[in-house]
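Below is work.txt, which holds compact mmCIF, C-alpha atoms.
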# COMPACT_ATOMS: atom_id res chain seq x y z
CA MET A 1 61.98 38.89 37.25
CA SER A 2 63.36 42.17 38.50
CA PRO A 3 61.83 45.36 37.07
CA PHE A 4 65.00 47.32 37.77
CA PRO A 5 66.84 48.18 34.53
CA SER A 6 70.56 47.99 33.97
CA SER A 7 72.46 50.54 31.93
CA ALA A 8 72.04 48.47 28.76
CA PRO A 9 69.59 50.09 26.31
CA ARG A 10 66.46 48.38 25.07
CA THR A 11 67.09 46.25 21.99
CA ALA A 12 65.85 48.16 18.95
CA HIS A 13 65.89 45.28 16.48
CA TRP A 14 65.58 41.52 16.85
CA ARG A 15 67.24 39.74 13.94
CA HIS A 16 65.67 36.32 14.37
CA LEU A 17 62.04 37.13 15.10
CA ARG A 18 59.47 39.88 14.62
CA LEU A 19 58.09 41.88 17.53
CA THR A 20 55.07 44.17 17.49
CA ALA A 21 53.40 45.77 20.49
CA ALA A 22 50.25 47.81 21.04
CA ASP A 23 47.91 48.48 23.97
CA GLY A 24 49.75 46.18 26.35
CA VAL A 25 49.87 43.23 23.93
CA ALA A 26 53.16 42.05 22.43
CA THR A 27 53.16 39.68 19.48
CA VAL A 28 56.30 37.66 18.80
CA THR A 29 56.27 36.03 15.39
CA LEU A 30 58.69 33.33 14.31
CA ALA A 31 59.37 34.50 10.78
CA ARG A 32 61.21 31.88 8.71
CA PRO A 33 58.21 30.63 6.73
CA GLU A 34 60.39 29.05 4.05
CA LYS A 35 61.79 26.77 6.79
CA LEU A 36 58.50 26.28 8.66
CA ASN A 37 59.94 28.68 11.26
CA ALA A 38 62.70 26.28 12.25
CA LEU A 39 64.72 27.63 15.16
CA THR A 40 68.37 28.60 14.96
CA PHE A 41 70.89 29.35 17.70
CA GLY A 42 70.11 33.02 17.20
CA ALA A 43 66.35 32.50 17.44
CA TYR A 44 66.69 30.74 20.78
CA ALA A 45 68.94 33.50 22.09
CA ASP A 46 66.58 36.22 20.86
CA LEU A 47 63.58 34.58 22.54
CA ARG A 48 65.49 34.22 25.81
CA ASP A 49 66.66 37.84 25.83
CA LEU A 50 63.44 39.36 24.50
CA LEU A 51 61.30 37.75 27.19
CA ALA A 52 63.69 39.04 29.86
CA GLU A 53 63.50 42.57 28.43
CA LEU A 54 59.70 42.56 28.24
CA ALA A 55 59.44 41.23 31.79
CA ARG A 56 61.59 44.08 33.10
CA GLU A 57 59.73 46.79 31.22
CA ARG A 58 56.33 45.93 32.70
CA SER A 59 54.56 47.56 29.72
CA VAL A 60 53.42 44.21 28.32
CA ARG A 61 50.33 42.63 29.88
CA ALA A 62 49.95 39.70 27.48
CA LEU A 63 52.08 38.10 24.79
CA VAL A 64 51.10 36.14 21.69
CA LEU A 65 53.63 33.70 20.22
CA ALA A 66 52.85 32.94 16.59
CA GLY A 67 54.41 31.49 13.46
CA GLU A 68 54.37 32.95 9.97
CA GLY A 69 53.33 30.91 6.93
CA ARG A 70 52.16 27.29 6.84
CA GLY A 71 53.02 26.28 10.39
CA PHE A 72 53.83 27.38 13.91
CA CYS A 73 57.35 25.99 14.33
CA SER A 74 59.03 22.84 13.00
CA GLY A 75 61.60 22.73 15.81
CA GLY A 76 65.36 23.10 15.63
CA ASP A 77 66.80 23.63 12.16
CA VAL A 78 68.27 20.30 11.00
CA ASP A 79 71.23 21.85 9.19
CA GLU A 80 71.93 24.89 11.35
CA ILE A 81 71.52 23.20 14.73
CA ILE A 82 71.61 19.41 14.46
CA GLY A 83 74.40 19.49 11.91
CA ALA A 84 76.37 22.01 13.92
CA THR A 85 76.01 20.20 17.23
CA LEU A 86 77.73 17.11 15.82
CA SER A 87 81.02 19.00 15.91
CA MET A 88 80.57 20.55 19.37
CA ASP A 89 82.30 19.32 22.51
CA THR A 90 80.40 18.50 25.70
CA SER A 91 80.87 21.96 27.18
CA GLN A 92 79.41 23.63 24.09
CA LEU A 93 76.53 21.17 23.95
CA LEU A 94 75.72 21.82 27.59
CA ASP A 95 75.69 25.58 26.94
CA PHE A 96 73.31 25.11 24.02
CA ASN A 97 70.92 22.81 25.89
CA ARG A 98 70.90 25.12 28.88
CA MET A 99 70.00 28.01 26.58
CA THR A 100 66.98 26.16 25.16
CA GLY A 101 65.83 25.44 28.70
CA GLN A 102 66.26 29.10 29.60
CA VAL A 103 63.76 29.98 26.87
CA VAL A 104 61.16 27.67 28.41
CA ARG A 105 61.85 29.06 31.87
CA ALA A 106 61.47 32.58 30.53
CA VAL A 107 58.06 31.71 29.07
CA ARG A 108 56.94 30.18 32.36
CA GLU A 109 58.41 32.87 34.62
CA CYS A 110 57.58 36.08 32.75
CA PRO A 111 54.94 38.09 34.66
CA PHE A 112 52.31 38.10 31.93
CA PRO A 113 50.20 35.43 30.21
CA VAL A 114 51.70 33.88 27.08
CA ILE A 115 49.35 32.61 24.37
CA ALA A 116 50.61 30.27 21.66
CA ALA A 117 48.64 30.62 18.41
CA VAL A 118 49.20 27.27 16.70
CA HIS A 119 48.41 26.30 13.13
CA GLY A 120 50.04 23.56 11.11
CA VAL A 121 53.10 21.90 12.56
CA ALA A 122 54.36 22.41 16.10
CA ALA A 123 57.20 19.92 16.28
CA GLY A 124 60.15 19.29 18.56
CA ALA A 125 61.18 22.55 20.20
CA GLY A 126 58.14 24.19 18.59
CA ALA A 127 55.85 21.79 20.46
CA VAL A 128 57.65 22.56 23.74
CA LEU A 129 57.37 26.32 23.18
CA ALA A 130 53.62 25.90 22.75
CA LEU A 131 53.51 23.59 25.78
CA ALA A 132 55.25 26.20 27.95
CA ALA A 133 52.66 28.86 27.09
CA ASP A 134 49.78 29.56 29.45
CA PHE A 135 47.21 29.13 26.68
CA ARG A 136 47.40 27.13 23.44
CA ILE A 137 44.91 28.35 20.86
CA ALA A 138 44.90 26.09 17.82
CA ASP A 139 43.02 25.68 14.58
CA PRO A 140 42.09 22.27 13.09
CA SER A 141 45.31 22.10 11.05
CA ALA A 142 47.46 22.04 14.19
CA ARG A 143 49.51 18.96 14.95
CA PHE A 144 51.95 18.55 17.82
CA SER A 145 54.95 16.23 17.64
CA PHE A 146 57.55 15.80 20.39
CA LEU A 147 60.17 14.40 18.02
CA PHE A 148 63.23 14.13 20.24
CA THR A 149 63.44 10.32 20.36
CA LYS A 150 63.07 10.30 16.57
CA VAL A 151 66.54 11.88 16.33
CA GLY A 152 68.04 9.63 19.00
CA LEU A 153 67.69 11.99 21.95
CA SER A 154 65.71 11.91 25.19
CA GLY A 155 62.07 12.91 24.98
CA GLY A 156 62.65 14.98 28.10
CA ASP A 157 64.07 17.99 26.25
CA MET A 158 63.64 21.63 27.29
CA GLY A 159 61.54 20.65 30.30
CA ALA A 160 59.05 18.58 28.29
CA ALA A 161 59.17 15.66 30.73
CA TYR A 162 58.32 18.09 33.54
CA LEU A 163 55.59 20.10 31.82
CA LEU A 164 53.77 17.59 29.63
CA PRO A 165 52.64 15.15 32.37
CA ARG A 166 51.26 18.11 34.29
CA VAL A 167 49.21 19.19 31.27
CA VAL A 168 47.98 15.87 29.84
CA GLY A 169 48.80 13.30 32.52
CA LEU A 170 51.64 10.76 32.79
CA GLY A 171 50.09 8.18 30.48
CA HIS A 172 49.58 10.50 27.53
CA ALA A 173 52.92 12.22 28.18
CA THR A 174 54.76 8.88 28.14
CA ARG A 175 53.21 7.99 24.80
CA LEU A 176 53.90 11.38 23.22
CA LEU A 177 57.49 11.69 24.46
CA MET A 178 58.47 8.06 23.89
CA LEU A 179 56.99 7.55 20.43
CA GLY A 180 57.17 11.08 19.03
CA GLU A 181 54.01 10.48 17.01
CA PRO A 182 51.99 13.48 15.81
CA VAL A 183 48.91 14.50 17.77
CA ARG A 184 46.34 16.24 15.61
CA ALA A 185 44.08 18.98 16.87
CA PRO A 186 40.99 16.90 17.82
CA GLU A 187 43.02 14.51 19.97
CA ALA A 188 45.11 17.35 21.37
CA GLU A 189 41.92 19.04 22.51
CA ARG A 190 40.58 15.79 23.99
CA ILE A 191 43.67 15.17 26.15
CA GLY A 192 43.96 18.79 27.25
CA LEU A 193 47.00 19.81 25.22
CA ILE A 194 44.94 22.53 23.50
CA SER A 195 43.23 25.24 25.54
CA GLU A 196 40.83 26.16 22.74
CA LEU A 197 40.17 24.84 19.24
CA THR A 198 39.12 27.46 16.72
CA ASP A 199 37.69 27.36 13.22
CA GLU A 200 40.18 26.85 10.40
CA GLY A 201 42.56 29.77 10.04
CA GLN A 202 41.31 31.59 13.14
CA ALA A 203 43.95 30.72 15.74
CA ASP A 204 45.92 33.96 15.32
CA ALA A 205 42.81 36.13 15.50
CA ARG A 206 41.44 34.32 18.54
CA ALA A 207 44.81 34.46 20.31
CA ALA A 208 44.97 38.21 19.67
CA GLU A 209 41.43 38.62 21.01
CA LEU A 210 42.29 36.69 24.17
CA ALA A 211 45.49 38.72 24.61
CA ARG A 212 43.55 41.99 24.41
CA HIS A 213 41.08 40.68 26.98
CA LEU A 214 43.90 39.72 29.34
CA ALA A 215 45.75 43.00 28.76
CA ALA A 216 42.65 44.92 29.83
CA GLY A 217 42.29 42.92 33.03
CA PRO A 218 43.94 42.93 36.49
CA ALA A 219 47.54 42.35 35.40
CA LEU A 220 48.99 41.86 38.87
CA ALA A 221 46.35 39.26 39.71
CA TYR A 222 47.15 37.41 36.49
CA ALA A 223 50.89 37.61 37.17
CA GLN A 224 50.51 36.18 40.66
CA THR A 225 48.15 33.44 39.45
CA LYS A 226 50.72 32.39 36.86
CA ALA A 227 53.51 32.47 39.44
CA LEU A 228 51.53 30.32 41.87
CA LEU A 229 50.56 27.79 39.20
CA THR A 230 54.25 27.31 38.41
CA ALA A 231 55.58 27.42 41.97
CA GLU A 232 52.98 25.10 43.47
CA LEU A 233 53.44 22.25 40.99
CA ASP A 234 55.93 20.64 43.37
CA MET A 235 54.73 21.94 46.74
CA PRO A 236 52.92 20.01 49.45
CA LEU A 237 49.43 21.31 50.17
CA ALA A 238 50.42 22.99 53.45
CA ALA A 239 53.12 25.05 51.72
CA ALA A 240 50.80 25.88 48.81
CA VAL A 241 47.97 27.20 50.94
CA GLU A 242 50.41 29.26 53.01
CA LEU A 243 51.83 30.79 49.83
CA ASP A 244 48.28 31.45 48.62
CA ALA A 245 47.46 33.18 51.90
CA ALA A 246 50.53 35.43 51.74
CA THR A 247 49.85 36.32 48.11
CA GLN A 248 46.21 37.18 48.75
CA ALA A 249 47.13 39.33 51.74
CA LEU A 250 49.49 41.35 49.55
CA LEU A 251 46.95 41.70 46.74
CA MET A 252 44.26 42.78 49.20
CA ASN A 253 46.42 45.84 49.86
CA GLY A 254 46.52 46.59 46.14
CA GLN A 255 44.69 49.22 44.12
CA ASP A 256 42.85 46.73 41.93
CA TYR A 257 41.17 45.05 44.89
CA ALA A 258 39.90 48.40 46.17
CA GLU A 259 38.91 49.38 42.63
CA PHE A 260 36.76 46.27 42.29
CA HIS A 261 34.82 47.18 45.42
CA ALA A 262 34.38 50.78 44.27
CA ALA A 263 33.21 49.67 40.83
CA PHE A 264 30.81 47.12 42.30
CA THR A 265 29.36 49.73 44.64
CA GLU A 266 29.01 52.28 41.84
CA LYS A 267 27.64 49.67 39.40
CA ARG A 268 30.31 50.23 36.74
CA PRO A 269 33.10 48.14 35.20
CA PRO A 270 36.40 48.17 37.12
CA LYS A 271 39.27 50.30 35.80
CA TRP A 272 42.16 47.92 36.37
CA GLN A 273 45.58 49.44 37.02
CA GLY A 274 47.63 46.29 37.47
CA ARG A 275 48.66 47.43 40.94
Starting from the coordinates I provided, produce the structure as structure tokens.
Amino acid sequence: MSPFPSSAPRTAHWRHLRLTAADGVATVTLARPEKLNALTFGAYADLRDLLAELARERSVRALVLAGEGRGFCSGGDVDEIIGATLSMDTSQLLDFNRMTGQVVRAVRECPFPVIAAVHGVAAGAGAVLALAADFRIADPSARFSFLFTKVGLSGGDMGAAYLLPRVVGLGHATRLLMLGEPVRAPEAERIGLISELTDEGQADARAAELARHLAAGPALAYAQTKALLTAELDMPLAAAVELDAATQALLMNGQDYAEFHAAFTEKRPPKWQGR
């Protein structure tokens, strides 16, 4: 994403989510606890636009995506989205589905690590948001459900059929996307859907701790690692190693690479600049 700003000012208030930021860590909280943080049209649009703004600003070095209340996110709001889409024409439906995919692309393409802190339900679009994150930190109450076939739609929604096989393998992905059955935390950890399983009630705290650790590290190295992980999913090996070589050559001209050597020589911790 381009760091060059347009003339539009930074958004001062996000109506459909809560944003806090400190010391390079942004926390985006889905805040409809009475609805298990079900997503609305506005929530999707806010997530899409917020991620683009944060990517341009370059002040954020890690982002935590969390849910308020009893669960992470129960997916699209049945009344406000599913009910509304029944009266939309094909053009409107295509616009909506493209927007949900843009949110997932924004999570994957933003130049900082995204950590999903999952407790309770992560269903439908909520499960895909967690899937798109770079890390999924979950407590034992977490359960993931890719519910799209349960409402008569394709399980391959919002990029799920692309991302999930690459995280858990084709066999598990087929089962999860076809049947839409819930996957509880122990199984999710076993098949690789969870990055780390915490003690009960500790997912938010552990995600914040990991975000602070990442924010204090070599941000440009993290950004390029994330970019390569995404770009190389569909590349042949020859193209991937060439891209790796070009990326490393650029980073070897960076300040952080020189800083590591200086710190190692002086027997002190590196002072990462993200450059």
Write out as a PDB file with C-alpha atoms, in the coordinates of the input which residues come within 7 Å of A:Leu19 when counting all atoms listed in the file, dropping same-chain ones fewer than 4 positions away.
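Saved the output as part_35.pdb:
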ATOM      1  CA  ALA A  26      53.160  42.050  22.430  1.00  0.00           C
ATOM      2  CA  THR A  27      53.160  39.680  19.480  1.00  0.00           C
ATOM      3  CA  VAL A  28      56.300  37.660  18.800  1.00  0.00           C
ATOM      4  CA  THR A  29      56.270  36.030  15.390  1.00  0.00           C
TER       5      THR A  29
END
Worksheet item: Hey, what's within 12 Å of stretch 80-92 of chain A if we count all atoms listed in the file and toss same-chain stuff fewer than 5 positions away? As number ranges by chain, please?
Response: A: 35, 38-44, 75, 97-100, 125, 148, 151-153
Worksheet item: What lies within 12 Å of A:Lys271 using all atoms listed in the file, ignoring chain neighbours under 4 positions off, as an NGL selection string?
Response: :A and (216-219 or 255-264 or 275)
Do you know which residues are at most 10 Å from A:Arg58 counting all atoms listed in the file, after dropping those on the same chain fewer than 4 positions away, and could you put them as an mmCIF file with C-alpha atoms, keeping the file's coordinate frame?
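The resulting selection_4.cif:
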data_model
loop_
_atom_site.group_PDB
_atom_site.id
_atom_site.type_symbol
_atom_site.label_atom_id
_atom_site.label_comp_id
_atom_site.auth_asym_id
_atom_site.auth_seq_id
_atom_site.Cartn_x
_atom_site.Cartn_y
_atom_site.Cartn_z
ATOM 1 C CA SER A 2 63.360 42.170 38.500
ATOM 2 C CA PRO A 3 61.830 45.360 37.070
ATOM 3 C CA GLY A 24 49.750 46.180 26.350
ATOM 4 C CA GLU A 53 63.500 42.570 28.430
ATOM 5 C CA LEU A 54 59.700 42.560 28.240
ATOM 6 C CA CYS A 110 57.580 36.080 32.750
ATOM 7 C CA PRO A 111 54.940 38.090 34.660
ATOM 8 C CA PHE A 112 52.310 38.100 31.930
ATOM 9 C CA ALA A 219 47.540 42.350 35.400
ATOM 10 C CA GLY A 274 47.630 46.290 37.470
#
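You can rank A:Arg105, A:Glu57, A:Gly71, A:Leu220 by their closest distance to A:Pro9 using all atoms listed in the file, and at the top of that list sits A:Glu57.
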Worksheet item: How would you write as JSON, numbers by chain the residues that get within 8 Å of (49.2, 19.0, 28.0) in the file's frame, counting all atoms listed in the file?
Response: {"A": [131, 163, 164, 165, 166, 167, 168, 169, 173, 188, 191, 192, 193, 194]}
Worksheet item: Could you tell me, as number ranges by chain, which residues have any atom at most 12 Å from (37.9, 24.3, 25.6), counting all atoms listed in the file?
Response: A: 135-138, 185-186, 188-198
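The spacing separating atom CA of A:Leu93 from atom CA of A:Met158 amounts to 13.3 Å.
The space between atom CA of A:Val128 and atom CA of A:Leu63 spans 16.5 Å.
Picture a line from atom CA of A:Glu109 to atom CA of A:Arg143; it runs 25.7 Å.
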Item to complete: Go through A:Ala208, A:Trp14, A:Pro113, A:Val121 and flag the residue nearest A:Lys226, using all atoms listed in the file for the distances.
Response: A:Pro113
Worksheet item: Given the choices A:Asp244, A:Asp95, A:Asp49, A:Glu34, which gets closest to A:Ser74 if the distance is worked out from all atoms listed in the file?
Response: A:Glu34
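Using all atoms listed in the file, the shortest contact distance between A:Ala227 and any of A:Asp204, A:Thr11, A:Lys150, A:Leu243 is found at A:Leu243.
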Practice prompt. Compare A:Ala142, A:Ala66, A:Ala123, A:Leu17 by their minimum atom-to-atom distance to A:Leu176, counting only C-alpha atoms, and give me the closest one.
Written response: A:Ala123
Worksheet item: So which one's closest to A:Arg48, A:Val104, A:Ala62, A:Ala21, A:Cys73? Using all atoms listed in the file, please.
Response: A:Val104
Fix up stretch 161-172 of chain A with all heavy atoms, then write it as a compact mmCIF listing (two decimals), in the frame of the given file.
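Writing done, so here's result.txt:
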# COMPACT_ATOMS: atom_id res chain seq x y z
N ALA A 161 59.55 16.74 29.83
CA ALA A 161 59.17 15.66 30.73
C ALA A 161 58.63 16.19 32.06
O ALA A 161 57.99 15.44 32.81
CB ALA A 161 60.36 14.74 30.99
N TYR A 162 58.89 17.43 32.36
CA TYR A 162 58.32 18.09 33.54
C TYR A 162 56.94 18.65 33.23
O TYR A 162 55.98 18.44 33.97
CB TYR A 162 59.25 19.20 34.00
CG TYR A 162 58.75 20.00 35.19
CD1 TYR A 162 59.04 19.57 36.48
CD2 TYR A 162 58.01 21.16 35.03
CE1 TYR A 162 58.61 20.30 37.58
CE2 TYR A 162 57.57 21.88 36.12
CZ TYR A 162 57.87 21.45 37.39
OH TYR A 162 57.42 22.16 38.47
N LEU A 163 56.82 19.38 32.12
CA LEU A 163 55.59 20.10 31.82
C LEU A 163 54.48 19.21 31.27
O LEU A 163 53.32 19.34 31.66
CB LEU A 163 55.88 21.22 30.81
CG LEU A 163 56.73 22.39 31.31
CD1 LEU A 163 57.11 23.29 30.14
CD2 LEU A 163 55.99 23.17 32.38
N LEU A 164 54.82 18.33 30.34
CA LEU A 164 53.77 17.59 29.63
C LEU A 164 52.92 16.70 30.54
O LEU A 164 51.70 16.69 30.42
CB LEU A 164 54.38 16.79 28.48
CG LEU A 164 53.38 16.22 27.48
CD1 LEU A 164 52.54 17.32 26.82
CD2 LEU A 164 54.10 15.41 26.39
N PRO A 165 53.52 15.94 31.48
CA PRO A 165 52.64 15.15 32.37
C PRO A 165 51.70 16.01 33.20
O PRO A 165 50.61 15.56 33.55
CB PRO A 165 53.65 14.42 33.28
CG PRO A 165 54.92 14.42 32.53
CD PRO A 165 54.93 15.70 31.76
N ARG A 166 52.10 17.23 33.49
CA ARG A 166 51.26 18.11 34.29
C ARG A 166 50.13 18.72 33.47
O ARG A 166 49.16 19.24 34.03
CB ARG A 166 52.12 19.20 34.93
CG ARG A 166 53.03 18.65 36.02
CD ARG A 166 54.18 19.60 36.35
NE ARG A 166 54.88 19.18 37.57
CZ ARG A 166 55.80 18.22 37.61
NH1 ARG A 166 56.13 17.58 36.49
NH2 ARG A 166 56.39 17.90 38.75
N VAL A 167 50.26 18.67 32.15
CA VAL A 167 49.21 19.19 31.27
C VAL A 167 48.27 18.08 30.81
O VAL A 167 47.05 18.24 30.83
CB VAL A 167 49.83 19.89 30.04
CG1 VAL A 167 48.77 20.28 29.02
CG2 VAL A 167 50.60 21.14 30.49
N VAL A 168 48.82 16.93 30.42
CA VAL A 168 47.98 15.87 29.84
C VAL A 168 47.96 14.59 30.66
O VAL A 168 47.25 13.65 30.30
CB VAL A 168 48.43 15.56 28.39
CG1 VAL A 168 48.37 16.79 27.52
CG2 VAL A 168 49.82 14.92 28.36
N GLY A 169 48.73 14.52 31.74
CA GLY A 169 48.80 13.30 32.52
C GLY A 169 49.98 12.44 32.11
O GLY A 169 50.47 12.51 30.97
N LEU A 170 50.43 11.57 33.03
CA LEU A 170 51.64 10.76 32.79
C LEU A 170 51.46 9.78 31.64
O LEU A 170 52.38 9.58 30.83
CB LEU A 170 52.01 10.01 34.07
CG LEU A 170 53.25 9.12 33.98
CD1 LEU A 170 54.49 9.96 33.63
CD2 LEU A 170 53.46 8.38 35.30
N GLY A 171 50.29 9.17 31.53
CA GLY A 171 50.09 8.18 30.48
C GLY A 171 50.22 8.77 29.09
O GLY A 171 50.95 8.26 28.23
N HIS A 172 49.49 9.85 28.84
CA HIS A 172 49.58 10.50 27.53
C HIS A 172 50.98 11.06 27.30
O HIS A 172 51.52 10.98 26.19
CB HIS A 172 48.56 11.62 27.42
CG HIS A 172 47.14 11.15 27.33
ND1 HIS A 172 46.71 10.24 26.38
CD2 HIS A 172 46.04 11.47 28.08
CE1 HIS A 172 45.42 10.01 26.55
NE2 HIS A 172 44.99 10.74 27.57
